[in-house]
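Visitor: Coordinates in model_36.pdb, PDB, C-alpha atoms, pLDDT in the B column, are listed below.
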```pdb
MODEL        1
ATOM      1  CA  MET D   1     139.006 -71.073  -6.059  1.00 90.00           C
ATOM      2  CA  ALA D   2     139.311 -68.199  -3.574  1.00 92.00           C
ATOM      3  CA  LYS D   3     138.190 -70.531  -0.759  1.00 94.00           C
ATOM      4  CA  ILE D   4     140.705 -73.149  -1.860  1.00 96.00           C
ATOM      5  CA  CYS D   5     143.485 -70.560  -1.870  1.00 96.00           C
ATOM      6  CA  ASN D   6     142.428 -69.436   1.606  1.00 96.00           C
ATOM      7  CA  TYR D   7     142.535 -73.060   2.746  1.00 97.00           C
ATOM      8  CA  LEU D   8     146.069 -73.360   1.364  1.00 98.00           C
ATOM      9  CA  ASN D   9     147.089 -70.171   3.171  1.00 97.00           C
ATOM     10  CA  GLU D  10     146.162 -71.901   6.424  1.00 97.00           C
ATOM     11  CA  ASN D  11     147.176 -75.499   5.677  1.00 97.00           C
ATOM     12  CA  ALA D  12     150.056 -75.581   3.203  1.00 98.00           C
ATOM     13  CA  ASP D  13     153.585 -75.646   4.575  1.00 97.00           C
ATOM     14  CA  ASN D  14     155.003 -72.286   5.634  1.00 96.00           C
ATOM     15  CA  ASP D  15     157.762 -72.638   3.034  1.00 97.00           C
ATOM     16  CA  ALA D  16     155.629 -74.090   0.226  1.00 98.00           C
ATOM     17  CA  ILE D  17     156.657 -73.314  -3.337  1.00 98.00           C
ATOM     18  CA  TYR D  18     153.778 -72.612  -5.721  1.00 97.00           C
ATOM     19  CA  THR D  19     153.961 -72.796  -9.502  1.00 97.00           C
ATOM     20  CA  ASN D  20     151.508 -72.169 -12.299  1.00 95.00           C
ATOM     21  CA  GLY D  21     151.276 -72.006 -16.051  1.00 93.00           C
ATOM     22  CA  ALA D  22     149.250 -69.482 -18.007  1.00 88.00           C
ATOM     23  CA  GLY D  23     145.517 -69.020 -18.076  1.00 86.00           C
ATOM     24  CA  ASN D  24     142.757 -67.278 -16.187  1.00 85.00           C
ATOM     25  CA  PHE D  25     142.987 -69.991 -13.487  1.00 88.00           C
ATOM     26  CA  ALA D  26     146.323 -68.427 -12.475  1.00 89.00           C
ATOM     27  CA  ILE D  27     144.583 -65.236 -11.372  1.00 89.00           C
ATOM     28  CA  TRP D  28     143.233 -66.952  -8.239  1.00 90.00           C
ATOM     29  CA  PRO D  29     146.568 -68.006  -6.684  1.00 91.00           C
ATOM     30  CA  GLY D  30     148.130 -64.683  -7.672  1.00 90.00           C
ATOM     31  CA  LYS D  31     145.309 -62.803  -6.004  1.00 92.00           C
ATOM     32  CA  TYR D  32     144.451 -64.960  -2.986  1.00 94.00           C
ATOM     33  CA  LEU D  33     147.609 -66.759  -1.855  1.00 96.00           C
ATOM     34  CA  ASN D  34     149.844 -65.144   0.735  1.00 95.00           C
ATOM     35  CA  PHE D  35     153.517 -65.150  -0.177  1.00 94.00           C
ATOM     36  CA  SER D  36     156.520 -64.407   2.011  1.00 92.00           C
ATOM     37  CA  LYS D  37     160.273 -64.722   2.018  1.00 91.00           C
ATOM     38  CA  ALA D  38     159.856 -68.473   2.522  1.00 93.00           C
ATOM     39  CA  LYS D  39     156.609 -69.045   0.572  1.00 93.00           C
ATOM     40  CA  ARG D  40     157.330 -68.437  -3.118  1.00 93.00           C
ATOM     41  CA  LEU D  41     155.687 -68.441  -6.526  1.00 92.00           C
ATOM     42  CA  LEU D  42     157.346 -69.604  -9.764  1.00 89.00           C
ATOM     43  CA  ALA D  43     155.205 -68.426 -12.658  1.00 90.00           C
ATOM     44  CA  PRO D  44     155.579 -67.219 -16.246  1.00 86.00           C
ATOM     45  CA  GLN D  45     155.370 -63.554 -17.138  1.00 77.00           C
ATOM     46  CA  ALA D  46     154.613 -63.942 -20.829  1.00 76.00           C
ATOM     47  CA  GLY D  47     151.724 -66.395 -20.994  1.00 77.00           C
ATOM     48  CA  ALA D  48     153.612 -69.703 -21.218  1.00 88.00           C
ATOM     49  CA  MET D  49     150.943 -72.387 -21.077  1.00 88.00           C
ATOM     50  CA  GLY D  50     152.245 -75.544 -19.464  1.00 92.00           C
ATOM     51  CA  ALA D  51     155.055 -73.843 -17.531  1.00 95.00           C
ATOM     52  CA  GLY D  52     153.717 -74.854 -14.103  1.00 96.00           C
ATOM     53  CA  ILE D  53     154.480 -78.580 -14.251  1.00 97.00           C
ATOM     54  CA  PRO D  54     158.141 -78.287 -15.328  1.00 97.00           C
ATOM     55  CA  ALA D  55     158.576 -75.478 -12.779  1.00 97.00           C
ATOM     56  CA  ALA D  56     157.125 -77.731 -10.065  1.00 98.00           C
ATOM     57  CA  ILE D  57     159.444 -80.571 -11.032  1.00 97.00           C
ATOM     58  CA  ALA D  58     162.440 -78.217 -11.049  1.00 97.00           C
ATOM     59  CA  ALA D  59     161.453 -76.798  -7.646  1.00 98.00           C
ATOM     60  CA  LYS D  60     160.997 -80.270  -6.183  1.00 97.00           C
ATOM     61  CA  SER D  61     164.379 -81.286  -7.620  1.00 97.00           C
ATOM     62  CA  ALA D  62     166.120 -78.268  -6.090  1.00 97.00           C
ATOM     63  CA  PHE D  63     164.197 -78.454  -2.794  1.00 97.00           C
ATOM     64  CA  PRO D  64     163.106 -82.097  -2.315  1.00 96.00           C
ATOM     65  CA  ASP D  65     162.011 -81.558   1.289  1.00 96.00           C
ATOM     66  CA  ARG D  66     159.731 -78.615   0.544  1.00 97.00           C
ATOM     67  CA  GLN D  67     156.085 -78.847  -0.410  1.00 98.00           C
ATOM     68  CA  VAL D  68     155.559 -77.894  -4.065  1.00 98.00           C
ATOM     69  CA  ILE D  69     152.050 -77.093  -5.288  1.00 98.00           C
ATOM     70  CA  CYS D  70     151.291 -76.490  -8.966  1.00 98.00           C
ATOM     71  CA  PHE D  71     148.150 -74.739 -10.210  1.00 96.00           C
ATOM     72  CA  ALA D  72     147.248 -75.844 -13.741  1.00 96.00           C
ATOM     73  CA  GLY D  73     144.257 -75.408 -16.002  1.00 92.00           C
ATOM     74  CA  ASP D  74     143.020 -78.486 -17.834  1.00 92.00           C
ATOM     75  CA  GLY D  75     144.365 -77.268 -21.187  1.00 91.00           C
ATOM     76  CA  ASP D  76     147.506 -75.929 -19.514  1.00 91.00           C
ATOM     77  CA  PHE D  77     148.123 -79.296 -17.806  1.00 96.00           C
ATOM     78  CA  GLN D  78     147.947 -81.133 -21.115  1.00 94.00           C
ATOM     79  CA  MET D  79     150.727 -78.995 -22.583  1.00 93.00           C
ATOM     80  CA  THR D  80     153.390 -80.653 -20.388  1.00 96.00           C
ATOM     81  CA  CYS D  81     151.792 -83.527 -18.461  1.00 96.00           C
ATOM     82  CA  ASN D  82     154.291 -85.882 -20.083  1.00 96.00           C
ATOM     83  CA  ASP D  83     156.883 -84.302 -17.763  1.00 97.00           C
ATOM     84  CA  LEU D  84     155.269 -86.308 -14.965  1.00 97.00           C
ATOM     85  CA  GLY D  85     157.398 -89.157 -16.321  1.00 97.00           C
ATOM     86  CA  THR D  86     160.476 -87.294 -15.094  1.00 97.00           C
ATOM     87  CA  ALA D  87     158.855 -86.744 -11.704  1.00 97.00           C
ATOM     88  CA  MET D  88     158.057 -90.455 -11.489  1.00 97.00           C
ATOM     89  CA  GLN D  89     161.533 -91.551 -12.557  1.00 97.00           C
ATOM     90  CA  GLU D  90     163.321 -89.184 -10.184  1.00 97.00           C
ATOM     91  CA  ASN D  91     160.851 -89.753  -7.301  1.00 97.00           C
ATOM     92  CA  LEU D  92     159.854 -86.090  -7.228  1.00 97.00           C
ATOM     93  CA  CYS D  93     156.446 -85.594  -5.672  1.00 96.00           C
ATOM     94  CA  PRO D  94     154.690 -82.298  -6.423  1.00 98.00           C
ATOM     95  CA  ILE D  95     151.025 -81.703  -5.721  1.00 98.00           C
ATOM     96  CA  ILE D  96     149.191 -80.637  -8.877  1.00 98.00           C
ATOM     97  CA  LEU D  97     145.826 -78.889  -8.737  1.00 98.00           C
ATOM     98  CA  ILE D  98     143.999 -79.094 -12.071  1.00 97.00           C
ATOM     99  CA  HIS D  99     141.322 -76.433 -12.532  1.00 94.00           C
ATOM    100  CA  ASN D 100     139.128 -78.365 -14.970  1.00 94.00           C
ATOM    101  CA  ASN D 101     136.553 -76.155 -16.649  1.00 87.00           C
ATOM    102  CA  GLY D 102     136.539 -78.082 -19.932  1.00 81.00           C
ATOM    103  CA  SER D 103     137.807 -75.129 -21.909  1.00 81.00           C
ATOM    104  CA  TYR D 104     140.658 -72.928 -22.955  1.00 68.00           C
ATOM    105  CA  GLY D 105     139.135 -70.320 -20.673  1.00 69.00           C
ATOM    106  CA  THR D 106     141.269 -67.282 -21.472  1.00 73.00           C
ATOM    107  CA  ILE D 107     140.776 -67.696 -25.210  1.00 72.00           C
ATOM    108  CA  ARG D 108     137.058 -68.277 -24.649  1.00 74.00           C
ATOM    109  CA  MET D 109     136.828 -65.100 -22.557  1.00 74.00           C
ATOM    110  CA  HIS D 110     138.408 -63.048 -25.344  1.00 70.00           C
ATOM    111  CA  GLN D 111     136.099 -64.603 -27.932  1.00 78.00           C
ATOM    112  CA  GLU D 112     133.083 -63.774 -25.768  1.00 79.00           C
ATOM    113  CA  MET D 113     134.228 -60.154 -25.392  1.00 78.00           C
ATOM    114  CA  ARG D 114     135.217 -59.507 -29.001  1.00 87.00           C
ATOM    115  CA  TYR D 115     133.056 -61.906 -30.998  1.00 85.00           C
ATOM    116  CA  PRO D 116     129.890 -62.707 -29.055  1.00 83.00           C
ATOM    117  CA  ASN D 117     128.075 -65.809 -30.303  1.00 81.00           C
ATOM    118  CA  ARG D 118     131.116 -66.862 -32.385  1.00 83.00           C
ATOM    119  CA  ILE D 119     132.877 -69.295 -30.054  1.00 79.00           C
ATOM    120  CA  SER D 120     135.369 -71.505 -31.836  1.00 82.00           C
ATOM    121  CA  GLY D 121     137.810 -74.183 -30.756  1.00 77.00           C
ATOM    122  CA  THR D 122     137.826 -73.489 -27.024  1.00 74.00           C
ATOM    123  CA  GLU D 123     135.838 -76.422 -25.623  1.00 81.00           C
ATOM    124  CA  LEU D 124     137.923 -79.365 -24.437  1.00 81.00           C
ATOM    125  CA  ILE D 125     137.106 -83.024 -24.211  1.00 88.00           C
ATOM    126  CA  ASN D 126     139.622 -84.000 -21.580  1.00 93.00           C
ATOM    127  CA  PRO D 127     141.284 -87.332 -20.950  1.00 95.00           C
ATOM    128  CA  LYS D 128     140.574 -89.163 -17.720  1.00 97.00           C
ATOM    129  CA  PHE D 129     143.050 -87.348 -15.496  1.00 97.00           C
ATOM    130  CA  GLY D 130     142.769 -90.115 -12.896  1.00 98.00           C
ATOM    131  CA  LEU D 131     144.107 -92.631 -15.417  1.00 98.00           C
ATOM    132  CA  LEU D 132     146.976 -90.287 -16.274  1.00 97.00           C
ATOM    133  CA  ALA D 133     147.763 -89.967 -12.565  1.00 98.00           C
ATOM    134  CA  GLU D 134     147.747 -93.758 -12.260  1.00 98.00           C
ATOM    135  CA  ALA D 135     149.989 -94.141 -15.335  1.00 97.00           C
ATOM    136  CA  TYR D 136     152.588 -91.857 -13.744  1.00 98.00           C
ATOM    137  CA  ARG D 137     152.144 -93.464 -10.294  1.00 97.00           C
ATOM    138  CA  PHE D 138     150.667 -90.299  -8.815  1.00 98.00           C
ATOM    139  CA  GLY D 139     147.904 -90.274  -6.262  1.00 98.00           C
ATOM    140  CA  TYR D 140     144.617 -88.768  -7.418  1.00 98.00           C
ATOM    141  CA  ALA D 141     141.427 -87.183  -6.140  1.00 98.00           C
ATOM    142  CA  ARG D 142     138.576 -85.563  -8.061  1.00 98.00           C
ATOM    143  CA  ILE D 143     136.467 -82.931  -6.372  1.00 98.00           C
ATOM    144  CA  THR D 144     133.301 -81.229  -7.517  1.00 97.00           C
ATOM    145  CA  ASP D 145     132.850 -78.918  -4.532  1.00 94.00           C
ATOM    146  CA  GLU D 146     135.349 -76.802  -2.591  1.00 92.00           C
ATOM    147  CA  LEU D 147     134.182 -78.530   0.610  1.00 96.00           C
ATOM    148  CA  GLU D 148     135.883 -81.701  -0.673  1.00 98.00           C
ATOM    149  CA  PHE D 149     139.231 -79.973  -1.083  1.00 98.00           C
ATOM    150  CA  ALA D 150     140.437 -80.308   2.511  1.00 98.00           C
ATOM    151  CA  ASP D 151     140.223 -84.124   2.471  1.00 98.00           C
ATOM    152  CA  ALA D 152     141.894 -84.326  -0.943  1.00 98.00           C
ATOM    153  CA  PHE D 153     144.697 -81.978   0.110  1.00 98.00           C
ATOM    154  CA  GLU D 154     145.303 -83.913   3.327  1.00 98.00           C
ATOM    155  CA  MET D 155     145.687 -87.095   1.236  1.00 98.00           C
ATOM    156  CA  ALA D 156     148.097 -85.263  -1.074  1.00 98.00           C
ATOM    157  CA  LYS D 157     150.202 -84.025   1.854  1.00 97.00           C
ATOM    158  CA  VAL D 158     150.878 -87.537   3.141  1.00 96.00           C
ATOM    159  CA  SER D 159     151.277 -89.190  -0.258  1.00 96.00           C
ATOM    160  CA  THR D 160     154.636 -90.811  -0.954  1.00 94.00           C
ATOM    161  CA  SER D 161     154.214 -90.102  -4.662  1.00 94.00           C
ATOM    162  CA  GLY D 162     153.149 -87.035  -6.548  1.00 96.00           C
ATOM    163  CA  PHE D 163     149.462 -86.205  -6.275  1.00 98.00           C
ATOM    164  CA  ILE D 164     146.870 -84.712  -8.627  1.00 98.00           C
ATOM    165  CA  ILE D 165     143.695 -83.061  -7.398  1.00 98.00           C
ATOM    166  CA  GLU D 166     141.266 -82.499 -10.260  1.00 98.00           C
ATOM    167  CA  MET D 167     138.916 -79.666  -9.358  1.00 97.00           C
ATOM    168  CA  ILE D 168     135.792 -79.562 -11.535  1.00 94.00           C
ATOM    169  CA  ALA D 169     134.837 -75.949 -12.283  1.00 89.00           C
ATOM    170  CA  ASP D 170     131.996 -74.201 -14.041  1.00 83.00           C
ATOM    171  CA  PRO D 171     133.313 -72.839 -17.372  1.00 77.00           C
ATOM    172  CA  ARG D 172     131.290 -69.659 -16.836  1.00 78.00           C
ATOM    173  CA  ASP D 173     133.339 -68.784 -13.717  1.00 76.00           C
ATOM    174  CA  ILE D 174     136.219 -67.441 -15.747  1.00 69.00           C
ATOM    175  CA  ALA D 175     138.072 -65.283 -13.217  1.00 70.00           C
ATOM    176  CA  PRO D 176     137.578 -63.808  -9.747  1.00 73.00           C
ATOM    177  CA  ASN D 177     134.351 -61.824  -9.755  1.00 70.00           C
ATOM    178  CA  LYS D 178     133.896 -62.410 -13.504  1.00 67.00           C
ATOM    179  CA  SER D 179     131.737 -64.859 -15.386  1.00 67.00           C
ATOM    180  CA  ILE D 180     130.823 -65.372 -19.027  1.00 70.00           C
TER     181      ILE D 180
ENDMDL
END
```
Translate this file's structure into C-alpha coordinates.
Guide:
Amino acid sequence: MAKICNYLNENADNDAIYTNGAGNFAIWPGKYLNFSKAKRLLAPQAGAMGAGIPAAIAAKSAFPDRQVICFAGDGDFQMTCNDLGTAMQENLCPIILIHNNGSYGTIRMHQEMRYPNRISGTELINPKFGLLAEAYRFGYARITDELEFADAFEMAKVSTSGFIIEMIADPRDIAPNKSI
(Lines of atoms letter the chains of each structure in order from A and count residues from 1; the text may use other names and numbers.)
(Lines give C-alpha, C1' and ligand atoms only; values in the text may rest on other atoms or scores of the structure.)
Protein backbone atom coordinates (compact mmCIF):
# COMPACT_ATOMS: atom_id res chain seq x y z
CA MET A 1 0.00 0.00 0.00
CA ALA A 2 2.88 2.41 0.68
CA LYS A 3 4.04 2.02 -2.95
CA ILE A 4 0.51 2.64 -4.20
CA CYS A 5 0.25 5.79 -2.08
CA ASN A 6 3.61 6.95 -3.44
CA TYR A 7 2.34 6.32 -6.96
CA LEU A 8 -0.73 8.44 -6.20
CA ASN A 9 1.47 11.22 -4.83
CA GLU A 10 3.11 11.40 -8.25
CA ASN A 11 0.16 10.63 -10.54
CA ALA A 12 -3.09 11.77 -8.94
CA ASP A 13 -4.33 15.26 -9.74
CA ASN A 14 -2.73 18.07 -7.75
CA ASP A 15 -6.13 18.97 -6.28
CA ALA A 16 -7.39 15.42 -5.72
CA ILE A 17 -9.78 14.84 -2.84
CA TYR A 18 -9.21 11.62 -0.89
CA THR A 19 -11.75 9.93 1.36
CA ASN A 20 -11.72 6.84 3.52
CA GLY A 21 -13.82 4.94 6.00
CA ALA A 22 -12.51 3.25 9.12
CA GLY A 23 -10.14 0.34 9.39
CA ASN A 24 -6.44 -0.41 9.45
CA PHE A 25 -6.34 0.11 5.66
CA ALA A 26 -6.83 3.84 6.35
CA ILE A 27 -3.45 4.05 8.07
CA TRP A 28 -1.63 3.83 4.72
CA PRO A 29 -3.17 6.91 3.04
CA GLY A 30 -2.94 8.86 6.29
CA LYS A 31 0.73 8.00 6.60
CA TYR A 32 1.96 7.98 3.00
CA LEU A 33 -0.13 10.45 1.00
CA ASN A 34 1.02 14.04 0.70
CA PHE A 35 -1.69 16.60 1.40
CA SER A 36 -1.69 20.32 0.70
CA LYS A 37 -4.04 23.26 0.59
CA ALA A 38 -5.47 21.87 -2.66
CA LYS A 39 -5.08 18.12 -1.99
CA ARG A 40 -7.46 17.17 0.83
CA LEU A 41 -8.61 14.24 2.92
CA LEU A 42 -12.20 13.66 4.12
CA ALA A 43 -12.12 10.97 6.78
CA PRO A 44 -13.91 10.00 9.99
CA GLN A 45 -12.41 10.67 13.38
CA ALA A 46 -14.45 8.19 15.38
CA GLY A 47 -14.17 4.92 13.48
CA ALA A 48 -17.15 5.20 11.12
CA MET A 49 -16.93 2.18 8.86
CA GLY A 50 -18.36 2.90 5.44
CA ALA A 51 -17.90 6.68 5.64
CA GLY A 52 -15.54 6.86 2.65
CA ILE A 53 -18.04 6.12 -0.12
CA PRO A 54 -20.68 8.69 0.91
CA ALA A 55 -17.88 11.21 1.50
CA ALA A 56 -16.54 10.53 -2.01
CA ILE A 57 -19.99 10.98 -3.52
CA ALA A 58 -20.50 14.22 -1.58
CA ALA A 59 -17.08 15.51 -2.66
CA LYS A 60 -17.74 14.63 -6.29
CA SER A 61 -21.14 16.35 -6.05
CA ALA A 62 -19.61 19.52 -4.61
CA PHE A 63 -16.55 19.45 -6.90
CA PRO A 64 -17.54 17.53 -10.07
CA ASP A 65 -14.39 18.52 -11.96
CA ARG A 66 -11.97 17.33 -9.29
CA GLN A 67 -10.56 13.84 -8.99
CA VAL A 68 -12.01 12.03 -5.97
CA ILE A 69 -10.30 8.88 -4.70
CA CYS A 70 -11.81 6.74 -1.94
CA PHE A 71 -9.83 4.21 0.09
CA ALA A 72 -12.07 1.43 1.43
CA GLY A 73 -11.49 -1.91 3.08
CA ASP A 74 -13.53 -4.84 1.81
CA GLY A 75 -15.74 -4.90 4.91
CA ASP A 76 -15.83 -1.10 5.00
CA PHE A 77 -16.91 -0.96 1.34
CA GLN A 78 -19.82 -3.29 1.99
CA MET A 79 -21.22 -0.99 4.67
CA THR A 80 -22.29 1.63 2.10
CA CYS A 81 -21.69 0.25 -1.40
CA ASN A 82 -25.39 0.70 -2.12
CA ASP A 83 -24.63 4.45 -2.27
CA LEU A 84 -23.02 3.76 -5.64
CA GLY A 85 -26.60 3.87 -6.92
CA THR A 86 -26.65 7.59 -6.14
CA ALA A 87 -23.32 8.05 -7.91
CA MET A 88 -24.69 6.23 -10.95
CA GLN A 89 -27.95 8.17 -11.01
CA GLU A 90 -26.27 11.55 -10.60
CA ASN A 91 -23.35 10.71 -12.95
CA LEU A 92 -20.79 11.20 -10.19
CA CYS A 93 -17.59 9.33 -10.90
CA PRO A 94 -15.29 8.69 -7.93
CA ILE A 95 -12.40 6.25 -8.04
CA ILE A 96 -12.72 3.64 -5.29
CA LEU A 97 -9.75 1.58 -4.14
CA ILE A 98 -10.86 -1.54 -2.26
CA HIS A 99 -8.18 -3.01 0.00
CA ASN A 100 -9.43 -6.61 -0.04
CA ASN A 101 -7.80 -8.73 2.64
CA GLY A 102 -10.84 -10.95 3.21
CA SER A 103 -11.24 -9.83 6.79
CA TYR A 104 -12.38 -7.25 9.26
CA GLY A 105 -8.71 -6.51 9.79
CA THR A 106 -8.84 -4.10 12.73
CA ILE A 107 -11.08 -6.41 14.75
CA ARG A 108 -8.88 -9.36 13.81
CA MET A 109 -5.77 -7.47 14.95
CA HIS A 110 -7.33 -6.79 18.35
CA GLN A 111 -8.41 -10.42 18.70
CA GLU A 112 -4.88 -11.56 17.87
CA MET A 113 -3.40 -9.20 20.48
CA ARG A 114 -5.87 -9.88 23.29
CA TYR A 115 -7.11 -13.40 22.61
CA PRO A 116 -4.49 -15.33 20.66
CA ASN A 117 -5.84 -18.46 18.97
CA ARG A 118 -9.45 -17.34 19.57
CA ILE A 119 -10.32 -15.65 16.28
CA SER A 120 -14.04 -15.23 15.77
CA GLY A 121 -16.21 -13.66 13.10
CA THR A 122 -13.55 -11.65 11.29
CA GLU A 123 -13.07 -13.62 8.06
CA LEU A 124 -15.11 -12.39 5.10
CA ILE A 125 -16.42 -14.21 2.09
CA ASN A 126 -16.78 -11.26 -0.23
CA PRO A 127 -19.12 -10.77 -3.16
CA LYS A 128 -17.67 -10.46 -6.64
CA PHE A 129 -16.78 -6.77 -6.54
CA GLY A 130 -16.47 -6.73 -10.34
CA LEU A 131 -20.14 -7.70 -10.65
CA LEU A 132 -21.10 -4.97 -8.20
CA ALA A 133 -19.10 -2.47 -10.26
CA GLU A 134 -20.90 -3.65 -13.39
CA ALA A 135 -24.31 -3.41 -11.67
CA TYR A 136 -23.63 0.24 -10.81
CA ARG A 137 -22.09 0.95 -14.25
CA PHE A 138 -18.65 1.54 -12.77
CA GLY A 139 -15.45 0.50 -14.46
CA TYR A 140 -13.45 -2.19 -12.68
CA ALA A 141 -9.97 -3.63 -12.36
CA ARG A 142 -8.64 -6.29 -10.00
CA ILE A 143 -4.98 -6.30 -9.09
CA THR A 144 -2.94 -8.83 -7.16
CA ASP A 145 0.39 -6.99 -7.26
CA GLU A 146 1.25 -3.32 -6.76
CA LEU A 147 2.99 -3.36 -10.15
CA GLU A 148 -0.46 -3.67 -11.75
CA PHE A 149 -1.76 -0.55 -10.03
CA ALA A 150 -0.41 2.01 -12.51
CA ASP A 151 -2.33 0.49 -15.46
CA ALA A 152 -5.52 0.18 -13.40
CA PHE A 153 -5.26 3.76 -12.15
CA GLU A 154 -4.65 5.10 -15.65
CA MET A 155 -7.84 3.33 -16.79
CA ALA A 156 -9.71 4.83 -13.83
CA LYS A 157 -8.47 8.34 -14.64
CA VAL A 158 -9.92 8.29 -18.15
CA SER A 159 -13.13 6.44 -17.28
CA THR A 160 -16.37 8.28 -17.98
CA SER A 161 -18.04 6.44 -15.11
CA GLY A 162 -16.97 5.75 -11.58
CA PHE A 163 -14.21 3.17 -11.24
CA ILE A 164 -13.37 0.47 -8.69
CA ILE A 165 -9.89 -0.96 -8.29
CA GLU A 166 -9.95 -4.08 -6.14
CA MET A 167 -6.52 -4.59 -4.59
CA ILE A 168 -5.99 -8.12 -3.25
CA ALA A 169 -3.99 -8.00 -0.01
CA ASP A 170 -2.50 -10.53 2.36
CA PRO A 171 -4.61 -10.55 5.56
CA ARG A 172 -1.42 -10.85 7.62
CA ASP A 173 -0.22 -7.41 6.40
CA ILE A 174 -2.45 -5.57 8.82
CA ALA A 175 -0.82 -2.13 8.97
CA PRO A 176 2.39 -0.39 7.91
CA ASN A 177 5.31 -2.33 9.34
CA LYS A 178 2.95 -4.66 11.23
CA SER A 179 1.75 -8.15 10.44
CA ILE A 180 -0.24 -10.78 12.31
Visitor: I would like the residues chosen by the PyMOL selection byres ((chain D and resi 99-116) around 12) on the shown file; could you give them as a PDB file with C-alpha atoms, in the coordinates of the input?
Guide:
```pdb
ATOM      1  CA  MET D   1     139.006 -71.073  -6.059  1.00 90.00           C
ATOM      2  CA  ILE D   4     140.705 -73.149  -1.860  1.00 96.00           C
ATOM      3  CA  ASN D  20     151.508 -72.169 -12.299  1.00 95.00           C
ATOM      4  CA  GLY D  21     151.276 -72.006 -16.051  1.00 93.00           C
ATOM      5  CA  ALA D  22     149.250 -69.482 -18.007  1.00 88.00           C
ATOM      6  CA  GLY D  23     145.517 -69.020 -18.076  1.00 86.00           C
ATOM      7  CA  ASN D  24     142.757 -67.278 -16.187  1.00 85.00           C
ATOM      8  CA  PHE D  25     142.987 -69.991 -13.487  1.00 88.00           C
ATOM      9  CA  ALA D  26     146.323 -68.427 -12.475  1.00 89.00           C
ATOM     10  CA  ILE D  27     144.583 -65.236 -11.372  1.00 89.00           C
ATOM     11  CA  TRP D  28     143.233 -66.952  -8.239  1.00 90.00           C
ATOM     12  CA  PRO D  29     146.568 -68.006  -6.684  1.00 91.00           C
ATOM     13  CA  GLY D  47     151.724 -66.395 -20.994  1.00 77.00           C
ATOM     14  CA  MET D  49     150.943 -72.387 -21.077  1.00 88.00           C
ATOM     15  CA  CYS D  70     151.291 -76.490  -8.966  1.00 98.00           C
ATOM     16  CA  PHE D  71     148.150 -74.739 -10.210  1.00 96.00           C
ATOM     17  CA  ALA D  72     147.248 -75.844 -13.741  1.00 96.00           C
ATOM     18  CA  GLY D  73     144.257 -75.408 -16.002  1.00 92.00           C
ATOM     19  CA  ASP D  74     143.020 -78.486 -17.834  1.00 92.00           C
ATOM     20  CA  GLY D  75     144.365 -77.268 -21.187  1.00 91.00           C
ATOM     21  CA  ASP D  76     147.506 -75.929 -19.514  1.00 91.00           C
ATOM     22  CA  PHE D  77     148.123 -79.296 -17.806  1.00 96.00           C
ATOM     23  CA  GLN D  78     147.947 -81.133 -21.115  1.00 94.00           C
ATOM     24  CA  MET D  79     150.727 -78.995 -22.583  1.00 93.00           C
ATOM     25  CA  ILE D  96     149.191 -80.637  -8.877  1.00 98.00           C
ATOM     26  CA  LEU D  97     145.826 -78.889  -8.737  1.00 98.00           C
ATOM     27  CA  ILE D  98     143.999 -79.094 -12.071  1.00 97.00           C
ATOM     28  CA  ASN D 117     128.075 -65.809 -30.303  1.00 81.00           C
ATOM     29  CA  ARG D 118     131.116 -66.862 -32.385  1.00 83.00           C
ATOM     30  CA  ILE D 119     132.877 -69.295 -30.054  1.00 79.00           C
ATOM     31  CA  SER D 120     135.369 -71.505 -31.836  1.00 82.00           C
ATOM     32  CA  GLY D 121     137.810 -74.183 -30.756  1.00 77.00           C
ATOM     33  CA  THR D 122     137.826 -73.489 -27.024  1.00 74.00           C
ATOM     34  CA  GLU D 123     135.838 -76.422 -25.623  1.00 81.00           C
ATOM     35  CA  LEU D 124     137.923 -79.365 -24.437  1.00 81.00           C
ATOM     36  CA  ILE D 125     137.106 -83.024 -24.211  1.00 88.00           C
ATOM     37  CA  ASN D 126     139.622 -84.000 -21.580  1.00 93.00           C
ATOM     38  CA  PRO D 127     141.284 -87.332 -20.950  1.00 95.00           C
ATOM     39  CA  LYS D 128     140.574 -89.163 -17.720  1.00 97.00           C
ATOM     40  CA  PHE D 129     143.050 -87.348 -15.496  1.00 97.00           C
ATOM     41  CA  ARG D 142     138.576 -85.563  -8.061  1.00 98.00           C
ATOM     42  CA  ILE D 143     136.467 -82.931  -6.372  1.00 98.00           C
ATOM     43  CA  THR D 144     133.301 -81.229  -7.517  1.00 97.00           C
ATOM     44  CA  ASP D 145     132.850 -78.918  -4.532  1.00 94.00           C
ATOM     45  CA  GLU D 146     135.349 -76.802  -2.591  1.00 92.00           C
ATOM     46  CA  ILE D 164     146.870 -84.712  -8.627  1.00 98.00           C
ATOM     47  CA  ILE D 165     143.695 -83.061  -7.398  1.00 98.00           C
ATOM     48  CA  GLU D 166     141.266 -82.499 -10.260  1.00 98.00           C
ATOM     49  CA  MET D 167     138.916 -79.666  -9.358  1.00 97.00           C
ATOM     50  CA  ILE D 168     135.792 -79.562 -11.535  1.00 94.00           C
ATOM     51  CA  ALA D 169     134.837 -75.949 -12.283  1.00 89.00           C
ATOM     52  CA  ASP D 170     131.996 -74.201 -14.041  1.00 83.00           C
ATOM     53  CA  PRO D 171     133.313 -72.839 -17.372  1.00 77.00           C
ATOM     54  CA  ARG D 172     131.290 -69.659 -16.836  1.00 78.00           C
ATOM     55  CA  ASP D 173     133.339 -68.784 -13.717  1.00 76.00           C
ATOM     56  CA  ILE D 174     136.219 -67.441 -15.747  1.00 69.00           C
ATOM     57  CA  ALA D 175     138.072 -65.283 -13.217  1.00 70.00           C
ATOM     58  CA  LYS D 178     133.896 -62.410 -13.504  1.00 67.00           C
ATOM     59  CA  SER D 179     131.737 -64.859 -15.386  1.00 67.00           C
ATOM     60  CA  ILE D 180     130.823 -65.372 -19.027  1.00 70.00           C
TER      61      ILE D 180
END
```
Visitor: Show me as a ChimeraX atom specification the residues that reach within 12 Å of (156.7, -75.2, -9.9), counting all atoms listed in the file and using the file's own coordinates.
Guide: /D:16-21,40-44,50-63,66-72,87,92-97
Visitor: Using all atoms of range 48-67 of chain D that appear in the file, construct an axis-aligned enclosing box with 4 Å of padding on every side and provide its centre coordinates and edge lengths in Å, rounded to one decimal, as AutoDock Vina command-line options.
Guide:
```
--center_x 158.5 --center_y -75.9 --center_z -10.0 --size_x 23.2 --size_y 20.4 --size_z 30.5
```
Visitor: Tell me which of D:Ala141, D:Phe163, D:Ala46, D:Lys157 sits closest to Asn91 in chain D, counting only C-alpha atoms.
Guide: D:Phe163
Visitor: Which distance in Å separates CA of Leu131 in chain D and CA of Gln89 in chain D, to one decimal?
Guide: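 Result for CA of Leu131 in chain D versus CA of Gln89 in chain D: 17.7 Å, one decimal.
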Visitor: So how many Å separate CA of Gly162 in chain D and CA of Phe138 in chain D, to one decimal?
Guide: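 We find that CA of Gly162 in chain D and CA of Phe138 in chain D lie 4.7 Å from each other.
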Visitor: Using only C-alpha atoms, pick whichever of D:Cys81, D:Leu8, D:Ala48, D:Thr86 has the shortest atom-to-atom distance to Asn34 in chain D.
Guide: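 Among the listed residues, D:Leu8 lies closest to Asn34 in chain D.
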Visitor: Please, what distance in Å, to one decimal, runs between CA of Tyr140 in chain D and CA of Leu33 in chain D?
Guide: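 Atom-to-atom, CA of Tyr140 in chain D to CA of Leu33 in chain D, that is 22.9 Å.
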